[in-house]
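Student: Sending over a structure as C-alpha cells; questions will come in a sec.
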Amino acid sequence: SIKIENVDDSTSTRLWINGVPKQKYVGPSSEDMVFPIRGAFYYPWYPQTWYVNGHLAHYRASMGEYSSSDPQVSASHIHAMEYAHIDLSIASWWGPDTHLDRARLTMLMDQSVTMNSPLKWTIYHEEERNSNPTVQEIQNDLSYLKKWFTWHEAWAHKDRKPMIFVYNEAGCDVVKRWTEASSGEWYIVLKLFPGFENCPIQPNSWHQYGVGEKDGTIHNVGHSFVISPGFWRADKDVPLLPRVSQAQFCHNTEKMVSSKEPWQLIVSFNEAGEGTMIEPSPDWPSNSRYGQYLDCLHQIF
C-alpha cells in the first residue's frame, strides 16, 4: 500500500488512496490567470528517472536523489517556485494512473493551498506525441483529469476553463482532434509547429518547448518566449547546449520579460535526465540557497 502524509495532517491527500475524488468539477475552481503567465515545466516522476539508460543525471539536486512522493520535496519545490515568482507549474503527465499521478499531483496542489501559495498547476499531455490518440481517447483523458484534478482550487484556469498543455507533433489534425474532444470546455495550449498559423481550426493558445541551441532561448513572436539553462542528457557524453552562465541566464530572463509574450516559459524546473533543471543544486550554489538560476528569476520577474 502507498502512504503519503500531508504536511498539515489533513485528510485531503488521503482520499485518492481509496479511489474517491474529494470534490466534483462543477465550474471554474480558481480565478482566471492573467497574461503574461510565467510557467515552468515540472517533472513529478522521481526516483524512477534519475537515470537514463543506466546513466545517472549529470547534475545533482540539493535534496539528493529524492522521491516525488515525499511531501518535504514538494513543499520545498513550491517554496522555490514562489521565490522565483513562477505563476504556473506545468507537470509532465503520461496518462491515467502513470507515475502515481493521483497521489503526487493531489499532494502538490494540496500543499500549494496549505502554504497559501499563488502557484497554479496544470499538466503537460505528453502521450499525444507518441500515440496520436483518437478523439474518444482524448475525451477519456480529459474526463479523468476532470474527475481527479480540475476541481482543485490550485488548478489553473483561463477564460473560465481548466487549462491543459499538449506536447504534440506537427499537423493541423492535432488541432482538429483536440478541439473536437474538448467541446469548448478546456483552454487548450498546443505546441506550435511550422505552418501552425494556417490551420483552419485554432486552439485557445500556442506555446513552444525546447532549449534554443544557440543561447538557451526560443522566441515565437506573439505566442511564447522560452528560456533554458542548457541541455545535457544523462546518457550523452557531450551536451546539446552547454549550461549557460548565471549572467547569460539573467540576460535571457530580461529578454523574456521585455518580450511581453503571453507565455514566458522555463525548460525546466527539475528535468534532471535531460540536464535542463534550475532547481537548487550544489552545482550552481548561491547565498540564497536557491541557486543562481532561481536567483535570476527572483530578481527580474
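Chain lettering (A, B, ...) mirrors the order of the C-alpha cells, residue numbering begins at 1 for each chain separately, and ligand numbering begins at 1 in order of display.
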Pick out the residues sitting within 9 Å of A:Gly171, and hand them over as an MDAnalysis selection string; count only C-alpha atoms, and ignore anything fewer than 3 positions along from it in its own chain.
Tutor: chainID A and resid 168 174:175 193:196 199
Student: As a PyMOL selection string, please: the residues near A:His77 (cut-off 12 Å, only C-alpha atoms, same-chain neighbours under 3 positions excluded).
Tutor: chain A and resi 40+42-44+61-63+66+68+70-74+80-84+86+89+108-109+111-112+115+117+119+269-270+278-280+290+294
Student: Fewer than 2 positions away in the same chain doesn't count, so skip those; otherwise give me all residues within 7 Å of A:Val226, counting only C-alpha atoms, as a ChimeraX atom specification.
Tutor: /A:217-219,224,228,264-266
Student: I'd like the interatomic distance between atom CA of A:Gly273 and atom CA of A:Asp141, to a tenth of an Å.
Tutor: 26.1 Å
Student: From the list A:Gln23, A:Ser259, A:Ser205, A:Gln299, which residue is nearest A:Trp148 when using only C-alpha atoms?
Tutor: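 That would be A:Gln23, the residue with the smallest distance to A:Trp148.
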Student: Report, in Å to a single decimal, how far apart atom CA of A:Asp215 and atom CA of A:Leu240 are.
Tutor: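 The value is 11.4 Å.
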Student: Taking only C-alpha atoms into account, name the residue in A:Lys146, A:Lys176, A:His152, A:Arg104 that is nearest to A:Pro203.
Tutor: A:Lys176
Student: Find the residue from A:Pro118, A:Gly212, A:Gly275, A:Gly222 that sits nearest to A:Lys236; use only C-alpha atoms when measuring.
Tutor: A:Gly275
Student: Could you tell me, as a ChimeraX atom specification, which residues of stretch 130-267 of chain A DSSP assigns to strand (DSSP E) when given the backbone?
Tutor: /A:157-158,161-166,187-191,205-207,217-220,224-227,263-266
Student: Could you save the residues just selected, with N, CA and C atoms, as a PDB file, in the first residue's frame?
Tutor:
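Writing the result to selection-v4.pdb gives the following:
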ATOM      1  N   HIS A 157      -6.789  28.054 -14.518  1.00  0.00           N
ATOM      2  CA  HIS A 157      -7.908  28.329 -15.420  1.00  0.00           C
ATOM      3  C   HIS A 157      -7.615  29.571 -16.260  1.00  0.00           C
ATOM      4  N   LYS A 158      -8.184  29.569 -17.449  1.00  0.00           N
ATOM      5  CA  LYS A 158      -8.121  30.742 -18.330  1.00  0.00           C
ATOM      6  C   LYS A 158      -9.429  30.779 -19.119  1.00  0.00           C
ATOM      7  N   LYS A 161     -12.039  28.325 -18.028  1.00  0.00           N
ATOM      8  CA  LYS A 161     -11.920  26.932 -18.425  1.00  0.00           C
ATOM      9  C   LYS A 161     -10.658  26.338 -17.805  1.00  0.00           C
ATOM     10  N   PRO A 162     -10.676  25.049 -17.449  1.00  0.00           N
ATOM     11  CA  PRO A 162      -9.447  24.424 -16.960  1.00  0.00           C
ATOM     12  C   PRO A 162      -8.401  24.379 -18.065  1.00  0.00           C
ATOM     13  N   MET A 163      -7.169  24.653 -17.719  1.00  0.00           N
ATOM     14  CA  MET A 163      -6.067  24.768 -18.677  1.00  0.00           C
ATOM     15  C   MET A 163      -5.354  23.435 -18.838  1.00  0.00           C
ATOM     16  N   ILE A 164      -4.918  23.153 -20.073  1.00  0.00           N
ATOM     17  CA  ILE A 164      -4.100  21.967 -20.324  1.00  0.00           C
ATOM     18  C   ILE A 164      -3.103  22.284 -21.431  1.00  0.00           C
ATOM     19  N   PHE A 165      -1.846  21.862 -21.246  1.00  0.00           N
ATOM     20  CA  PHE A 165      -0.805  21.971 -22.257  1.00  0.00           C
ATOM     21  C   PHE A 165      -0.658  20.613 -22.943  1.00  0.00           C
ATOM     22  N   VAL A 166      -0.336  20.640 -24.235  1.00  0.00           N
ATOM     23  CA  VAL A 166      -0.197  19.415 -25.014  1.00  0.00           C
ATOM     24  C   VAL A 166       1.130  19.426 -25.760  1.00  0.00           C
ATOM     25  N   TYR A 187      -9.275  25.061 -21.911  1.00  0.00           N
ATOM     26  CA  TYR A 187      -8.372  26.043 -22.505  1.00  0.00           C
ATOM     27  C   TYR A 187      -7.153  25.258 -22.985  1.00  0.00           C
ATOM     28  N   ILE A 188      -7.088  25.019 -24.297  1.00  0.00           N
ATOM     29  CA  ILE A 188      -6.091  24.139 -24.889  1.00  0.00           C
ATOM     30  C   ILE A 188      -4.880  24.947 -25.360  1.00  0.00           C
ATOM     31  N   VAL A 189      -3.693  24.567 -24.884  1.00  0.00           N
ATOM     32  CA  VAL A 189      -2.447  25.224 -25.289  1.00  0.00           C
ATOM     33  C   VAL A 189      -1.597  24.191 -26.018  1.00  0.00           C
ATOM     34  N   LEU A 190      -1.586  24.253 -27.344  1.00  0.00           N
ATOM     35  CA  LEU A 190      -0.847  23.291 -28.150  1.00  0.00           C
ATOM     36  C   LEU A 190       0.576  23.770 -28.425  1.00  0.00           C
ATOM     37  N   LYS A 191       1.435  22.803 -28.743  1.00  0.00           N
ATOM     38  CA  LYS A 191       2.819  23.105 -29.101  1.00  0.00           C
ATOM     39  C   LYS A 191       2.859  23.492 -30.581  1.00  0.00           C
ATOM     40  N   SER A 205      -4.604  28.673 -27.547  1.00  0.00           N
ATOM     41  CA  SER A 205      -3.293  29.313 -27.484  1.00  0.00           C
ATOM     42  C   SER A 205      -2.227  28.342 -27.982  1.00  0.00           C
ATOM     43  N   TRP A 206      -1.026  28.900 -28.238  1.00  0.00           N
ATOM     44  CA  TRP A 206       0.127  28.118 -28.698  1.00  0.00           C
ATOM     45  C   TRP A 206       1.325  28.388 -27.789  1.00  0.00           C
ATOM     46  N   HIS A 207       2.189  27.394 -27.669  1.00  0.00           N
ATOM     47  CA  HIS A 207       3.436  27.569 -26.919  1.00  0.00           C
ATOM     48  C   HIS A 207       4.536  26.791 -27.632  1.00  0.00           C
ATOM     49  N   THR A 217      17.472  30.326 -25.676  1.00  0.00           N
ATOM     50  CA  THR A 217      16.174  30.992 -25.800  1.00  0.00           C
ATOM     51  C   THR A 217      15.498  30.583 -27.096  1.00  0.00           C
ATOM     52  N   ILE A 218      14.166  30.560 -27.064  1.00  0.00           N
ATOM     53  CA  ILE A 218      13.350  30.375 -28.266  1.00  0.00           C
ATOM     54  C   ILE A 218      12.212  31.390 -28.196  1.00  0.00           C
ATOM     55  N   HIS A 219      12.142  32.250 -29.203  1.00  0.00           N
ATOM     56  CA  HIS A 219      11.132  33.301 -29.213  1.00  0.00           C
ATOM     57  C   HIS A 219      10.228  33.129 -30.419  1.00  0.00           C
ATOM     58  N   ASN A 220       8.971  32.866 -30.168  1.00  0.00           N
ATOM     59  CA  ASN A 220       7.952  32.819 -31.215  1.00  0.00           C
ATOM     60  C   ASN A 220       7.026  34.010 -31.010  1.00  0.00           C
ATOM     61  N   SER A 224       5.037  32.809 -27.497  1.00  0.00           N
ATOM     62  CA  SER A 224       5.777  32.421 -26.296  1.00  0.00           C
ATOM     63  C   SER A 224       7.249  32.772 -26.403  1.00  0.00           C
ATOM     64  N   PHE A 225       7.861  32.891 -25.226  1.00  0.00           N
ATOM     65  CA  PHE A 225       9.306  33.069 -25.113  1.00  0.00           C
ATOM     66  C   PHE A 225       9.770  32.016 -24.103  1.00  0.00           C
ATOM     67  N   VAL A 226      10.740  31.197 -24.523  1.00  0.00           N
ATOM     68  CA  VAL A 226      11.200  30.082 -23.692  1.00  0.00           C
ATOM     69  C   VAL A 226      12.675  30.274 -23.359  1.00  0.00           C
ATOM     70  N   ILE A 227      13.022  30.042 -22.110  1.00  0.00           N
ATOM     71  CA  ILE A 227      14.432  30.064 -21.707  1.00  0.00           C
ATOM     72  C   ILE A 227      14.793  28.733 -21.062  1.00  0.00           C
ATOM     73  N   TRP A 263       3.028  33.804 -22.983  1.00  0.00           N
ATOM     74  CA  TRP A 263       3.628  32.656 -22.295  1.00  0.00           C
ATOM     75  C   TRP A 263       5.128  32.882 -22.165  1.00  0.00           C
ATOM     76  N   GLN A 264       5.609  32.986 -20.933  1.00  0.00           N
ATOM     77  CA  GLN A 264       7.029  33.140 -20.638  1.00  0.00           C
ATOM     78  C   GLN A 264       7.431  31.900 -19.840  1.00  0.00           C
ATOM     79  N   LEU A 265       8.112  30.978 -20.526  1.00  0.00           N
ATOM     80  CA  LEU A 265       8.243  29.612 -20.039  1.00  0.00           C
ATOM     81  C   LEU A 265       9.694  29.218 -19.785  1.00  0.00           C
ATOM     82  N   ILE A 266       9.862  28.323 -18.817  1.00  0.00           N
ATOM     83  CA  ILE A 266      11.185  27.860 -18.404  1.00  0.00           C
ATOM     84  C   ILE A 266      11.266  26.354 -18.576  1.00  0.00           C
TER      85      ILE A 266
END
Student: Neighbours of A:Asp235 within 8 Å (only C-alpha atoms; same-chain residues fewer than 2 positions away dropped), as a PyMOL selection string?
Tutor: chain A and resi 52-57+233+237
Student: Can those selected residues be exported to a file as a compact mmCIF listing (two decimals), in the first residue's frame so that it contains N, CA and C atoms?
Tutor:
# COMPACT_ATOMS: atom_id res chain seq x y z
N VAL A 52 19.09 7.63 -16.93
CA VAL A 52 18.65 7.48 -18.31
C VAL A 52 19.50 6.40 -18.96
N ASN A 53 18.87 5.30 -19.32
CA ASN A 53 19.59 4.15 -19.91
C ASN A 53 20.79 3.74 -19.04
N GLY A 54 20.55 3.77 -17.74
CA GLY A 54 21.59 3.33 -16.80
C GLY A 54 22.60 4.39 -16.41
N HIS A 55 22.47 5.60 -16.95
CA HIS A 55 23.42 6.68 -16.66
C HIS A 55 22.78 7.69 -15.71
N LEU A 56 23.46 8.00 -14.63
CA LEU A 56 22.98 8.98 -13.66
C LEU A 56 23.01 10.38 -14.25
N ALA A 57 22.02 11.20 -13.90
CA ALA A 57 21.97 12.59 -14.36
C ALA A 57 23.29 13.31 -14.05
N ARG A 233 21.70 15.37 -21.79
CA ARG A 233 21.11 14.09 -21.38
C ARG A 233 22.11 13.26 -20.60
N ASP A 237 27.72 11.98 -23.68
CA ASP A 237 29.00 12.48 -23.19
C ASP A 237 29.16 13.98 -23.41
Student: For the structure I just gave you, how does DSSP split stretch 23-87 of chain A - specifically, which residues are alpha helix (DSSP H)? Reply as an MDAnalysis selection string.
Tutor: chainID A and resid 71:83
Student: Compare A:Trp186, A:His251, A:Leu241, A:Gly216 by their minimum atom-to-atom distance to A:Asp159, counting only C-alpha atoms, and give me the closest one.
Tutor: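 Closest candidate: A:Trp186.
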Student: With only C-alpha atoms as the basis for distance, which of A:Thr122, A:Asn132, A:Ser92, A:Thr106 is at the shortest distance from A:Ser69?
Tutor: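 When distances to A:Ser69 are compared using only C-alpha atoms, the smallest one comes from A:Thr106.
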Student: Would you please work out which residue, of A:Leu142, A:Ser30, A:Tyr209, A:Tyr167, is nearest to A:Trp121 when using only C-alpha atoms?
Tutor: A:Ser30
